[in-house]
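**Q** Handing over input.csv, CSV, C-alpha atoms and all ligand atoms.
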```csv
chain,number,residue,atom,x,y,z
B,295,MET,CA,147.4,109.6,87.0
B,296,ARG,CA,145.1,107.7,89.3
B,297,ARG,CA,147.0,106.0,92.1
B,298,LEU,CA,146.3,103.8,95.2
B,299,GLN,CA,147.6,106.7,97.4
B,300,PRO,CA,144.1,108.0,98.0
B,301,VAL,CA,143.2,104.9,100.0
B,302,PHE,CA,145.6,106.2,102.7
B,303,ASP,CA,145.4,109.9,102.9
B,304,GLY,CA,143.8,112.3,100.4
B,305,HIS,CA,140.7,110.2,100.0
B,306,LEU,CA,140.5,109.8,103.8
B,307,GLU,CA,140.6,113.5,104.5
B,308,VAL,CA,138.1,114.3,101.8
B,309,VAL,CA,135.7,111.6,103.1
B,310,VAL,CA,136.0,112.8,106.7
B,311,THR,CA,135.4,116.4,105.6
B,312,VAL,CA,132.4,115.4,103.5
B,313,ALA,CA,130.9,113.3,106.3
B,314,VAL,CA,131.3,116.1,108.8
B,315,THR,CA,130.0,118.7,106.4
B,316,LEU,CA,127.0,116.6,105.4
B,317,SER,CA,126.2,115.9,109.1
B,318,LEU,CA,126.3,119.6,109.9
B,319,ALA,CA,124.1,120.4,106.9
B,320,CYS,CA,121.5,117.8,107.9
B,321,LEU,CA,121.6,119.2,111.4
B,322,LEU,CA,121.0,122.7,110.2
B,323,ALA,CA,118.1,121.5,107.9
B,324,ALA,CA,116.6,119.5,110.7
B,325,SER,CA,116.7,122.3,113.1
B,326,LEU,CA,115.0,124.6,110.6
B,327,ILE,CA,112.1,122.3,109.7
B,328,THR,CA,111.3,120.6,113.0
B,329,SER,CA,110.1,121.9,116.3
B,330,PRO,CA,112.7,122.7,119.0
B,331,TYR,CA,111.8,119.4,120.8
B,332,ALA,CA,112.7,117.3,117.7
B,333,VAL,CA,116.1,118.8,117.3
B,334,ALA,CA,117.7,117.1,120.4
B,335,PRO,CA,117.2,113.5,119.1
B,336,VAL,CA,118.3,114.5,115.6
B,337,VAL,CA,121.5,116.1,117.1
B,338,ALA,CA,122.2,113.0,119.0
B,339,LEU,CA,121.7,110.7,116.0
B,340,LEU,CA,123.8,112.8,113.7
B,341,GLY,CA,126.5,113.1,116.3
B,342,CYS,CA,126.6,109.3,116.7
B,343,ALA,CA,126.7,108.8,112.9
B,344,ALA,CA,129.5,111.3,112.4
B,345,ALA,CA,131.5,109.8,115.3
B,346,VAL,CA,131.2,106.2,114.0
B,347,HIS,CA,132.0,107.4,110.5
B,348,VAL,CA,135.0,109.5,111.5
B,349,GLY,CA,136.2,106.8,114.0
B,350,HIS,CA,136.1,104.3,111.2
B,351,LEU,CA,138.0,106.6,108.8
B,352,VAL,CA,140.7,107.8,111.1
B,353,ARG,CA,142.1,104.3,111.1
B,354,PRO,CA,143.6,104.2,107.7
B,355,LYS,CA,145.8,101.1,108.4
B,356,ALA,CA,142.8,99.0,109.3
B,357,ARG,CA,140.9,100.4,106.3
B,358,LEU,CA,143.7,99.6,103.9
B,359,ARG,CA,144.1,96.1,105.3
B,360,ARG,CA,140.3,95.5,104.9
B,361,ALA,CA,140.4,96.8,101.4
B,362,ALA,CA,143.4,94.6,100.5
B,363,ALA,CA,141.7,91.5,102.0
B,364,ILE,CA,138.6,92.2,99.9
B,365,GLY,CA,140.9,93.0,96.9
B,366,LEU,CA,142.6,89.6,97.2
B,367,ARG,CA,139.3,87.8,97.3
B,368,ARG,CA,138.0,89.8,94.3
B,369,GLY,CA,141.1,89.2,92.2
B,370,GLU,CA,142.4,92.8,92.2
B,371,PHE,CA,146.1,91.7,92.6
B,372,HIS,CA,148.4,90.5,89.9
B,373,VAL,CA,152.1,89.7,89.5
B,374,VAL,CA,154.7,91.2,87.2
B,375,TYR,CA,158.1,89.8,86.5
B,376,GLN,CA,161.5,91.5,86.1
B,377,PRO,CA,164.6,89.9,84.5
B,378,ILE,CA,167.8,89.2,86.5
B,379,VAL,CA,170.9,89.1,84.3
B,380,ASP,CA,174.3,87.4,84.6
B,381,MET,CA,176.9,90.1,84.4
B,382,ARG,CA,179.4,87.8,82.6
B,383,THR,CA,177.2,86.3,79.9
B,384,ARG,CA,174.6,89.1,79.8
B,385,HIS,CA,171.9,86.4,79.6
B,386,CYS,CA,168.8,86.3,81.8
B,387,VAL,CA,169.1,83.8,84.6
B,388,GLY,CA,165.9,84.4,86.4
B,389,VAL,CA,163.0,86.7,87.2
B,390,GLU,CA,161.7,88.4,90.3
B,391,ALA,CA,157.9,88.3,90.9
B,392,LEU,CA,156.6,91.6,92.1
B,393,LEU,CA,153.1,92.3,93.4
B,394,ARG,CA,150.7,94.9,91.9
B,395,TRP,CA,147.3,96.0,93.2
B,396,GLY,CA,144.8,97.0,90.5
B,397,HIS,CA,142.2,98.9,92.7
B,398,PRO,CA,138.9,99.3,90.8
B,399,LYS,CA,138.7,103.0,91.9
B,400,PHE,CA,142.2,104.2,92.3
B,401,GLY,CA,144.1,102.3,89.6
B,402,VAL,CA,147.2,100.2,89.7
B,403,GLY,CA,149.7,100.7,92.5
B,404,GLY,CA,153.1,99.2,93.4
B,405,PRO,CA,153.9,97.6,96.7
B,406,GLY,CA,155.5,100.7,98.0
B,407,LEU,CA,152.0,102.0,98.6
B,408,PHE,CA,150.7,99.1,100.7
B,409,ILE,CA,153.3,96.5,101.7
B,410,GLY,CA,154.6,98.5,104.6
B,411,GLU,CA,151.0,98.8,106.0
B,412,LEU,CA,150.5,95.0,105.6
B,413,GLU,CA,153.8,94.1,107.2
B,414,GLY,CA,153.4,91.8,110.2
B,415,THR,CA,149.9,90.7,109.2
B,416,ARG,CA,148.6,87.2,108.1
B,417,LEU,CA,147.3,88.9,105.0
B,418,LEU,CA,150.9,89.5,103.7
B,419,SER,CA,151.5,85.7,104.1
B,420,ALA,CA,148.3,85.1,102.1
B,421,LEU,CA,149.6,87.5,99.4
B,422,THR,CA,152.9,85.6,99.2
B,423,CYS,CA,151.0,82.3,98.7
B,424,PHE,CA,149.0,84.2,96.0
B,425,VAL,CA,152.3,85.3,94.2
B,426,LEU,CA,153.6,81.8,94.4
B,427,ARG,CA,150.4,80.3,92.9
B,428,GLU,CA,150.4,82.9,90.1
B,429,ALA,CA,154.1,82.4,89.3
B,430,ASN,CA,153.4,78.6,89.3
B,431,ILE,CA,150.6,79.0,86.8
B,432,ALA,CA,152.4,81.5,84.6
B,433,LEU,CA,155.7,79.9,84.5
B,434,THR,CA,154.5,76.3,83.9
B,435,GLN,CA,152.6,77.7,80.8
B,436,LEU,CA,155.6,79.7,79.5
B,437,PRO,CA,158.5,78.4,77.5
B,438,PHE,CA,160.4,79.0,80.8
B,439,PRO,CA,164.1,78.3,80.2
B,440,GLN,CA,165.2,75.4,82.4
B,441,HIS,CA,168.0,77.4,84.0
B,442,TRP,CA,165.9,80.4,85.1
B,443,HIS,CA,165.1,80.8,88.7
B,444,ILE,CA,162.0,82.6,90.1
B,445,SER,CA,162.5,85.0,93.0
B,446,VAL,CA,159.6,85.7,95.4
B,447,ASN,CA,159.7,88.2,98.2
B,448,ILE,CA,158.7,86.9,101.7
B,449,CYS,CA,158.1,88.8,104.9
B,450,ALA,CA,159.8,88.0,108.3
B,451,ARG,CA,156.5,87.3,110.1
B,452,HIS,CA,155.6,84.6,107.5
B,453,LEU,CA,159.0,83.0,108.0
B,454,MET,CA,158.3,82.8,111.7
B,455,GLU,CA,154.9,81.2,111.3
B,456,ASP,CA,154.3,77.4,111.9
B,457,ARG,CA,152.7,77.1,108.4
B,458,PHE,CA,155.6,78.7,106.5
B,459,VAL,CA,157.2,75.6,105.0
B,460,ASP,CA,153.8,74.1,104.1
B,461,ASP,CA,152.6,77.4,102.6
B,462,ILE,CA,155.6,77.7,100.4
B,463,CYS,CA,155.7,74.1,99.2
B,464,GLU,CA,151.9,73.8,98.6
B,465,SER,CA,151.7,77.2,96.7
B,466,ALA,CA,154.9,76.8,94.7
B,467,GLY,CA,154.1,73.3,93.4
B,468,PRO,CA,156.5,72.3,90.6
B,469,ILE,CA,158.4,75.6,90.6
B,470,LEU,CA,159.7,74.8,94.1
B,471,GLU,CA,163.1,73.7,92.9
B,472,ARG,CA,163.6,76.9,90.9
B,473,LEU,CA,162.5,79.1,93.8
B,474,VAL,CA,164.6,81.8,95.4
B,475,LEU,CA,163.0,83.4,98.5
B,476,GLU,CA,164.0,87.0,99.0
B,477,LEU,CA,164.0,88.1,102.6
B,478,THR,CA,164.2,91.8,103.0
B,479,GLU,CA,166.6,93.3,105.4
B,480,ARG,CA,164.1,96.0,106.3
B,481,SER,CA,162.2,93.6,108.6
B,482,CYS,CA,163.8,92.0,111.6
B,483,VAL,CA,164.1,88.2,111.6
B,484,GLU,CA,164.4,86.4,114.8
B,485,ARG,CA,166.9,83.5,114.6
B,486,THR,CA,164.7,81.1,116.5
B,487,PRO,CA,165.1,77.3,116.2
B,488,ARG,CA,161.8,77.2,114.2
B,489,VAL,CA,163.2,79.7,111.6
B,490,VAL,CA,166.5,77.8,111.3
B,491,THR,CA,164.6,74.5,110.9
B,492,ALA,CA,162.2,75.9,108.3
B,493,LEU,CA,165.0,77.3,106.2
B,494,ALA,CA,167.0,74.0,106.5
B,495,GLN,CA,163.9,72.1,105.4
B,496,LEU,CA,163.5,74.3,102.3
B,497,LYS,CA,167.2,74.1,101.5
B,498,GLN,CA,166.9,70.3,101.5
B,499,ARG,CA,164.3,70.8,98.7
B,500,ASP,CA,166.7,73.0,96.7
B,501,VAL,CA,164.9,76.3,97.6
B,502,ARG,CA,167.5,79.1,97.6
B,503,LEU,CA,167.6,82.1,99.8
B,504,SER,CA,168.4,85.7,99.0
B,505,LEU,CA,169.1,88.7,101.3
B,506,ASP,CA,167.3,91.6,99.8
B,507,ASP,CA,168.0,95.3,100.1
B,508,PHE,CA,171.4,94.7,101.7
B,509,GLY,CA,172.8,97.7,103.5
B,510,THR,CA,169.5,99.3,104.3
B,511,GLY,CA,168.0,97.6,107.4
B,512,PHE,CA,168.4,95.3,110.3
B,513,SER,CA,171.0,93.0,108.8
B,514,ASN,CA,174.3,92.5,110.4
B,515,PHE,CA,177.1,90.3,109.3
B,516,ASP,CA,176.0,87.4,111.6
B,517,LEU,CA,172.8,87.1,109.4
B,518,LEU,CA,175.0,86.3,106.4
B,519,ALA,CA,176.7,83.5,108.3
B,520,ASP,CA,173.6,82.1,110.2
B,521,PHE,CA,171.3,81.8,107.3
B,522,ARG,CA,173.6,80.7,104.4
B,523,PHE,CA,172.2,83.0,101.8
B,524,ASP,CA,172.7,82.0,98.1
B,525,TYR,CA,172.4,85.6,96.9
B,526,VAL,CA,172.8,89.0,98.5
B,527,LYS,CA,171.0,91.9,96.7
B,528,VAL,CA,172.6,95.3,97.1
B,529,ASP,CA,170.1,98.1,97.2
B,530,ARG,CA,170.0,100.5,94.3
B,531,ARG,CA,170.8,103.5,96.5
B,532,PHE,CA,174.5,102.5,96.5
B,533,LEU,CA,174.6,103.0,92.8
B,534,ALA,CA,174.0,106.7,93.5
B,535,MET,CA,177.4,106.9,95.2
B,536,ARG,CA,179.9,109.1,93.3
B,537,GLY,CA,183.3,108.4,91.7
B,538,GLU,CA,185.7,105.8,93.0
B,539,ALA,CA,183.8,105.3,96.2
B,540,ARG,CA,181.0,103.5,94.3
B,541,SER,CA,183.2,100.9,92.7
B,542,GLN,CA,185.3,100.5,95.9
B,543,PHE,CA,182.2,99.9,97.9
B,544,LEU,CA,180.8,97.3,95.4
B,545,LYS,CA,184.2,95.5,95.2
B,546,SER,CA,184.3,95.3,99.0
B,547,VAL,CA,180.7,94.0,99.2
B,548,ALA,CA,181.4,91.4,96.5
B,549,ALA,CA,184.5,90.2,98.3
B,550,LEU,CA,182.7,89.9,101.6
B,551,VAL,CA,179.7,88.1,100.1
B,552,HIS,CA,181.9,85.7,98.1
B,553,THR,CA,183.7,84.7,101.3
B,554,HIS,CA,180.2,83.5,102.5
B,555,GLY,CA,179.7,81.4,99.3
B,556,ALA,CA,176.9,83.7,98.0
B,557,LYS,CA,176.5,85.6,94.8
B,558,VAL,CA,176.0,89.4,94.6
B,559,VAL,CA,173.1,90.9,92.8
B,560,VAL,CA,172.9,94.7,92.2
B,561,GLU,CA,169.4,96.1,91.9
B,562,GLY,CA,168.2,99.2,90.1
B,563,VAL,CA,170.7,99.4,87.2
B,564,GLU,CA,169.2,102.1,85.0
B,565,ASN,CA,171.9,103.1,82.5
B,566,ALA,CA,175.1,102.1,80.6
B,567,ALA,CA,177.4,104.0,83.0
B,568,GLU,CA,176.0,102.0,86.0
B,569,HIS,CA,176.3,98.8,84.1
B,570,ASP,CA,179.9,99.6,83.2
B,571,VAL,CA,180.8,100.1,86.9
B,572,LEU,CA,179.4,96.7,87.8
B,573,GLN,CA,181.4,95.0,85.1
B,574,HIS,CA,184.6,95.9,86.9
B,575,SER,CA,183.4,95.4,90.5
B,576,GLY,CA,183.1,91.6,90.8
B,577,ILE,CA,179.3,91.7,90.7
B,578,ASP,CA,177.7,88.4,89.6
B,579,LEU,CA,174.1,89.4,88.7
B,580,ALA,CA,172.2,92.5,88.0
B,581,GLN,CA,168.6,93.7,87.8
B,582,GLY,CA,167.2,97.0,86.6
B,583,TYR,CA,165.3,99.0,84.0
B,584,TRP,CA,168.5,98.9,81.8
B,585,PHE,CA,167.9,95.1,81.3
B,586,GLY,CA,164.1,95.1,81.5
B,587,LYS,CA,161.3,96.6,83.5
B,588,PRO,CA,158.8,94.5,85.4
B,589,MET,CA,156.5,93.0,82.8
B,590,ALA,CA,153.2,91.2,82.6
B,591,VAL,CA,153.1,87.6,81.8
B,592,ASP,CA,152.4,88.1,78.1
B,593,GLN,CA,155.5,90.3,77.7
B,594,LEU,CA,157.5,87.8,79.7
B,595,ARG,CA,156.5,85.1,77.3
B,596,ALA,CA,157.9,87.1,74.4
B,597,PHE,CA,161.0,87.9,76.4
B,598,ALA,CA,161.5,84.2,77.2
B,599,TRP,CA,161.2,83.3,73.6
B,600,ALA,CA,163.7,85.9,72.6
B,601,SER,CA,166.1,84.7,75.3
B,602,ILE,CA,165.8,81.1,74.1
B,603,ASN,CA,166.5,82.0,70.5
B,604,THR,CA,169.6,84.2,71.0
B,701,LIG,P1,162.5,94.7,95.9
B,701,LIG,O1,162.2,93.2,96.2
B,701,LIG,O2,163.9,95.2,96.2
B,701,LIG,O3,162.2,94.8,94.4
B,701,LIG,C1,162.9,95.7,93.5
B,701,LIG,C2,162.1,97.0,93.3
B,701,LIG,O4,162.9,97.9,92.5
B,701,LIG,C3,160.8,96.8,92.5
B,701,LIG,O5,159.9,97.8,93.0
B,701,LIG,C4,161.3,97.1,91.1
B,701,LIG,O6,160.2,97.5,90.3
B,701,LIG,C5,162.2,98.3,91.4
B,701,LIG,N1,163.2,98.4,90.3
B,701,LIG,C6,163.7,97.5,89.5
B,701,LIG,N2,164.6,98.0,88.7
B,701,LIG,C7,164.7,99.3,88.9
B,701,LIG,C8,165.4,100.4,88.4
B,701,LIG,O7,166.2,100.3,87.5
B,701,LIG,N3,165.1,101.7,88.9
B,701,LIG,C9,164.2,101.9,89.9
B,701,LIG,N4,164.0,103.1,90.3
B,701,LIG,N5,163.5,100.9,90.5
B,701,LIG,C10,163.7,99.6,90.0
B,701,LIG,P2,158.4,97.4,93.4
B,701,LIG,O8,157.9,96.4,92.4
B,701,LIG,O9,157.7,98.7,93.6
B,701,LIG,O10,158.6,96.7,94.8
B,701,LIG,C11,159.1,97.4,95.9
B,701,LIG,C12,159.3,96.5,97.0
B,701,LIG,O11,158.1,95.9,97.5
B,701,LIG,C13,160.1,95.3,96.7
B,701,LIG,O12,161.5,95.6,96.7
B,701,LIG,C14,159.8,94.3,97.8
B,701,LIG,O13,160.5,94.6,99.0
B,701,LIG,C15,158.3,94.6,98.0
B,701,LIG,N6,157.5,93.6,97.3
B,701,LIG,C16,157.2,93.5,96.0
B,701,LIG,N7,156.4,92.4,95.8
B,701,LIG,C17,156.3,91.8,97.0
B,701,LIG,C18,155.6,90.6,97.4
B,701,LIG,O14,155.0,89.8,96.6
B,701,LIG,N8,155.7,90.3,98.8
B,701,LIG,C19,156.4,91.1,99.6
B,701,LIG,N9,156.5,90.7,100.9
B,701,LIG,N10,157.1,92.2,99.3
B,701,LIG,C20,157.0,92.6,98.0
B,702,MG,MG,163.1,91.6,96.2
B,703,MG,MG,165.5,95.1,96.9
```
Could I get this file's structure written as structure tokens?
Ligand code: C2E
Ligand code: MG
Ligand code: MG

**A**
Amino acid sequence: MRRLQPVFDGHLEVVVTVAVTLSLACLLAASLITSPYAVAPVVALLGCAAAVHVGHLVRPKARLRRAAAIGLRRGEFHVVYQPIVDMRTRHCVGVEALLRWGHPKFGVGGPGLFIGELEGTRLLSALTCFVLREANIALTQLPFPQHWHISVNICARHLMEDRFVDDICESAGPILERLVLELTERSCVERTPRVVTALAQLKQRDVRLSLDDFGTGFSNFDLLADFRFDYVKVDRRFLAMRGEARSQFLKSVAALVHTHGAKVVVEGVENAAEHDVLQHSGIDLAQGYWFGKPMAVDQLRAFAWASINT
């Protein structure tokens, strides 16, 4: 299957190898067909060309960022939506918007292939605005149930920027009051006065906040108290725990999170056995392939209709 991966490594190595090989072949041809005096400038020229080419290519991060910036301008990105379900009623209560990149050459790739490389760049903030605008267009056209929320992932660097609150409000438009911002624990958030003020301003406008990938990164328990999260999302890796330990762990996390006035969401529920464990662990909401995979807007429309009519 064609993947975005080649943008980073396989493709890079191949292109470097081809560039060097072609340069050497040209050099050989040139030395055969020209006089000895003409070989020196040809060598110099080919050497420079190869150096520029290789120098450019050995910076895969920069290359990927440039490709993503072009991709955003050319409309190569799109958004898919995954349902989030209430464990008690088993009804959908919201969706998470997830970014996809449809590269014209390498096919569709998930964020695991590019988000890490874009972390800490202004481009990722621009992508968040794109996701919000897309969600806004899609969900205002859908028969979007009134009680559903829409979760959008944000990055720490964006949260720390001056423009953060304006970016969110302008891009989200009418879906602002249904918005849940998911802040991943994998990036470190500085609790500066600006960040605290930005979150307080959004809270005043009914925007909710979720701590994503709980248990995997920089978070400590202060973070829970400082930022008044509405949801805490437990990473799917904890579902892989065996036996009693798994349900004990989930019960403890649920108790801790509830004391902070937040709800617990468990991510990555894939089968009935995992679903059963959650039912007896005090978990509020769940998300995973068992309930529904990330879907394009057309499928979401059908899903929303079915939810309204059941
Ligand atoms: P996340 O926010 O924790 O999103 C959940 C990820 O788990 C998604 O991967 C989803 O497709 C996947 N998932 C859901 N249910 C299951 C399941 O049952 N089994 C398994 N194995 N996986 C499941 P995805 O879409 O590849 O996104 C990966 C991460 O990339 C996200 O993790 C989020 O941190 C980041 N991301 C996605 N979209 C955006 C975005 O628009 N902006 C930013 N900053 N980050 C994003
Ligand atoms: Mg998330
Ligand atoms: Mg997560």

**Q** Which value, in Å to one decimal, gives the distance between atom CA of B:Glu484 and atom CA of B:Thr415?

**A** 16.1 Å

**Q** Within 8 Å of ligand MG 702 (chain B), counting all atoms listed in the file: which residues, as number ranges by chain?

**A** B: 390, 392, 445-447, 476-478, 506-507, 527

**Q** Taking all atoms listed in the file into account, which residues are within 6 Å of ligand LIG 701 (chain B), as a ChimeraX atom specification?

**A** /B:392-393,404-406,422,425,447-449,507,562-564,581-583,588

**Q** Rank nothing, just name the residue among B:Val591, B:Val571, B:Ala549, B:Leu473 nearest to B:Trp442, using all atoms listed in the file.

**A**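 Counting all atoms listed in the file, the residue closest to B:Trp442 is B:Leu473.
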
**Q** Using 8 Å as the limit and counting all atoms listed in the file, can you tabulate each residue of stretch 381-481 of chain B that touches stretch 362-365 of chain B, with its shortest atom-to-atom distance in Å and the two atoms involved, as CSV?

**A**
```
residue,atom,partner,partner_atom,distance
B:Trp395,CA,B:Gly365,CA,8.0
B:His397,CA,B:Gly365,CA,7.4
B:Leu417,CA,B:Ala363,CA,6.9
```

**Q** Would you compute the distance between atom CA of B:Ala432 and atom CA of B:Val489? Give it in Å to one decimal.

**A**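 Atom-to-atom, atom CA of B:Ala432 to atom CA of B:Val489, that is 29.1 Å.
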
**Q** So which one's closest to ligand MG 703 (chain B), B:Gln593, B:Ser504, B:Ser465, B:Ser541? Using all atoms listed in the file, please.

**A**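 Closest to ligand MG 703 (chain B) of all the choices is B:Ser504.
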
**Q** For atom CA of B:Ala420 and atom CA of B:Pro487, determine how far apart the two atoms are, in Å to one decimal place.

**A**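 Computing it gives 23.3 Å between the two atoms.
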
**Q** Return the single residue from B:Phe521, B:Trp599, B:Phe508, B:Trp584 that is closest to ligand MG 703 (chain B), with distances computed using all atoms listed in the file.

**A** B:Phe508

**Q** Ranking B:Lys497, B:Arg368, B:Arg531, B:Lys355 by minimum distance to ligand MG 703 (chain B) and counting all atoms listed in the file, which one comes first?

**A**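 Nearest candidate to ligand MG 703 (chain B) out of B:Lys497, B:Arg368, B:Arg531, B:Lys355: B:Arg531.
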
**Q** Go through B:Gln542, B:Glu411, B:Leu358, B:Ala391 and flag the residue nearest B:Lys587, using all atoms listed in the file for the distances.

**A**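 Of the candidates, the smallest distance to B:Lys587 is held by B:Ala391.
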
**Q** Which one is closest to ligand MG 703 (chain B): B:His441, B:Arg530, B:Lys399, B:Arg499? Count only C-alpha atoms and all ligand atoms.

**A**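 Nearest candidate to ligand MG 703 (chain B) out of B:His441, B:Arg530, B:Lys399, B:Arg499: B:Arg530.
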
**Q** Find the spatial neighbours of B:Ser575, counting all atoms listed in the file, within a cut-off of 9 Å - ignore same-chain residues fewer than 2 positions away - and output them as a list in words.

**A**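 Counting all atoms listed in the file, the residues come to Ser541, Gln542, Phe543, Leu544, Lys545, Ser546, Ala548, Val571, Leu572, Gln573 and Ile577 of chain B.
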
**Q** Neighbours of B:Pro468 within 10 Å (all atoms listed in the file; same-chain residues fewer than 4 positions away dropped), as a ChimeraX atom specification?

**A** /B:430-431,433-434,463-464,472-473
